[in-house]
Amino acid sequence: MMAMQITQPLAETAERRRENLFVRIVRRLADSRELTLFVLVVALALAMSIVYPNNFPTASNMRAVLLNLAPVGMLVCGMMLLMIGGTFDLSVGSTLAFSGVWAGVVAGWWGWPAEIAVLVGIMVGALCGLVNGLIVTRIGINALIATLGTLTIYRSLTYVTAGTGVTPITDAFAEYGRAADPLFRIQSPFWAMLVLVLIGGWLVARTRFFRQFYFIGGNPRAAQLSGIRVDRLILIGFVIMGALAGLAGVLGAARLNSAVVNAGVGIELKVITATVLGGASLKGGEGTILGGILGVLFIALIENAMIINAIGVFWQGLVVGLVLLFAVSLDRFKTSGRA
């Protein structure tokens, strides 16, 4: 009888410990968007490997997934920085196309060296970002209206510059987008994105200069009163965003050996969705590059599952839109919970 009385409290204590562990895990997942996304990505990848064993976990499909997410991942690095600072850029898709077209013009039509064409494309993107930043910081137009306007302007300039596009460009230029590593045989856009993620993630998390964006997004007025040059930093953020869009456009054109005038149409939706899903707040002051890239990977896996199931491309836009609404709802719930 005595043994039973001792055993029962021990069993209850063990049960409470298991419950506390479960609660701690749930709270940890709720508090860390990166950890939550990592768990979701791993779970989704495992589920797809089980359901589609002949299609998903193949080397060719993995290469395709990683290569297709590369341009979005590059843009997310810049968009996350802007959203941490409390702003955003809707013109990234048009900037991407405009930059790629100019690189194609320089290499394909003018016959200049491929290296010069790559630099010109990146510089064109940076210039577009500079214009966006000046409109927002100097003229004082809201980023939504400003970049919605330049989205149309840059796309129109793309058509004016190249008509139906530049194709083919040159083999030397194409090598910048088609070069693959000897081990995994993944082409250069993915590796460029990976380098940007590693460097950008470290800069935003560890350096004093880029961490000022968190203060700006959290309270721009207080940041300005503390001596932070808010407008200058936001301007730099837009230039970085434009340069990254330029790089994505150049590498995309190089991979296809063709500068397509409708490149990047609708990509801003994926970029903003991945950024918000990765932890960026619409009010600013939150987010990490790692979270944004996990958001990109999550969306890429969903799209890949739809491709495997032969679901039309129009339905993919519907799913991305629903993911965006879900991510914004999470941000809203998190914000209201703090209040």
# chains A, B, ... in the order shown; residues from 1 in each chain; ligands from 1
>>> select_by_dssp(residues="range 166-224 of chain A", states="alpha helix (DSSP H)", output="ChimeraX atom specification")
/A:171-178,188-206,208-218,220-224
>>> closest_atom_pairs(of="range 287-335 of chain A", to="range 193-206 of chain A", cutoff="9 Å", atoms="only C-alpha atoms", output="JSON lines")
{"residue": "A:Thr288", "atom": "CA", "partner": "A:Gly201", "partner_atom": "CA", "distance": 7.0}
{"residue": "A:Ile289", "atom": "CA", "partner": "A:Gly201", "partner_atom": "CA", "distance": 5.1}
{"residue": "A:Leu290", "atom": "CA", "partner": "A:Gly201", "partner_atom": "CA", "distance": 6.5}
{"residue": "A:Ile293", "atom": "CA", "partner": "A:Val197", "partner_atom": "CA", "distance": 7.7}
>>> write_last_selection(atoms="N, CA and C atoms", output="compact mmCIF listing (two decimals), in the first residue's frame")
# COMPACT_ATOMS: atom_id res chain seq x y z
N THR A 288 14.81 38.73 -39.68
CA THR A 288 16.19 38.30 -39.92
C THR A 288 16.29 37.78 -41.35
N ILE A 289 17.49 37.84 -41.90
CA ILE A 289 17.73 37.31 -43.24
C ILE A 289 17.46 35.81 -43.26
N LEU A 290 17.87 35.10 -42.21
CA LEU A 290 17.64 33.66 -42.13
C LEU A 290 16.15 33.34 -42.20
N ILE A 293 14.87 33.72 -45.78
CA ILE A 293 15.26 32.63 -46.68
C ILE A 293 14.48 31.35 -46.37
>>> residues_around(residues="range 47-64 of chain A", least_positions_apart="4", cutoff="7 Å", atoms="only C-alpha atoms", output="number ranges by chain")
A: 43, 68, 186
>>> atom_distance(atom1="CA of Trp110 in chain A", atom2="CA of Gly177 in chain A")
19.7 Å
>>> closest_residue(among="A:Leu322, A:Ile267, A:Leu294, A:Leu233", to="Ile84 in chain A", atoms="only C-alpha atoms")
A:Leu233
>>> closest_residue(among="A:Leu282, A:Ser329, A:Val92, A:Leu301", to="Gly149 in chain A", atoms="only C-alpha atoms")
A:Val92
>>> select_by_dssp(residues="range 160-293 of chain A", states="strand (DSSP E or B)", output="MDAnalysis selection string")
chainID A and resid 166 180 187 259
>>> write_last_selection(atoms="all heavy atoms", output="PDB file, in the first residue's frame")
ATOM      1  N   VAL A 166      16.265  40.726 -75.748  1.00  0.00           N
ATOM      2  CA  VAL A 166      17.562  40.508 -76.388  1.00  0.00           C
ATOM      3  C   VAL A 166      17.878  39.021 -76.327  1.00  0.00           C
ATOM      4  O   VAL A 166      18.118  38.475 -75.248  1.00  0.00           O
ATOM      5  CB  VAL A 166      18.678  41.305 -75.685  1.00  0.00           C
ATOM      6  CG1 VAL A 166      20.006  41.117 -76.432  1.00  0.00           C
ATOM      7  CG2 VAL A 166      18.322  42.780 -75.590  1.00  0.00           C
ATOM      8  N   ALA A 180      28.398  25.847 -63.143  1.00  0.00           N
ATOM      9  CA  ALA A 180      27.944  24.977 -62.049  1.00  0.00           C
ATOM     10  C   ALA A 180      29.145  24.404 -61.318  1.00  0.00           C
ATOM     11  O   ALA A 180      30.216  24.212 -61.888  1.00  0.00           O
ATOM     12  CB  ALA A 180      27.068  23.854 -62.588  1.00  0.00           C
ATOM     13  N   GLN A 187      23.830  25.514 -60.568  1.00  0.00           N
ATOM     14  CA  GLN A 187      24.339  26.669 -61.303  1.00  0.00           C
ATOM     15  C   GLN A 187      24.543  27.885 -60.397  1.00  0.00           C
ATOM     16  O   GLN A 187      24.034  27.954 -59.276  1.00  0.00           O
ATOM     17  CB  GLN A 187      23.402  27.004 -62.460  1.00  0.00           C
ATOM     18  CG  GLN A 187      23.409  25.921 -63.541  1.00  0.00           C
ATOM     19  CD  GLN A 187      22.410  26.189 -64.638  1.00  0.00           C
ATOM     20  OE1 GLN A 187      21.332  26.717 -64.405  1.00  0.00           O
ATOM     21  NE2 GLN A 187      22.761  25.820 -65.860  1.00  0.00           N
ATOM     22  N   ALA A 259      17.621  38.158 -72.488  1.00  0.00           N
ATOM     23  CA  ALA A 259      17.051  39.183 -71.623  1.00  0.00           C
ATOM     24  C   ALA A 259      15.573  39.320 -71.957  1.00  0.00           C
ATOM     25  O   ALA A 259      15.205  39.884 -72.994  1.00  0.00           O
ATOM     26  CB  ALA A 259      17.771  40.514 -71.826  1.00  0.00           C
TER      27      ALA A 259
END
>>> residues_around(residues="Pro71 in chain A", least_positions_apart="2", cutoff="12 Å", atoms="only C-alpha atoms", output="PyMOL selection string")
chain A and resi 65-69+73-78+92-93+96-97+177+188-194+196-197+244-253+255+263-264+267-268+270-271+293+296-297+300
>>> closest_residue(among="A:Val230, A:Val42, A:Ile272, A:Val101", to="Arg138 in chain A", atoms="only C-alpha atoms")
A:Val230
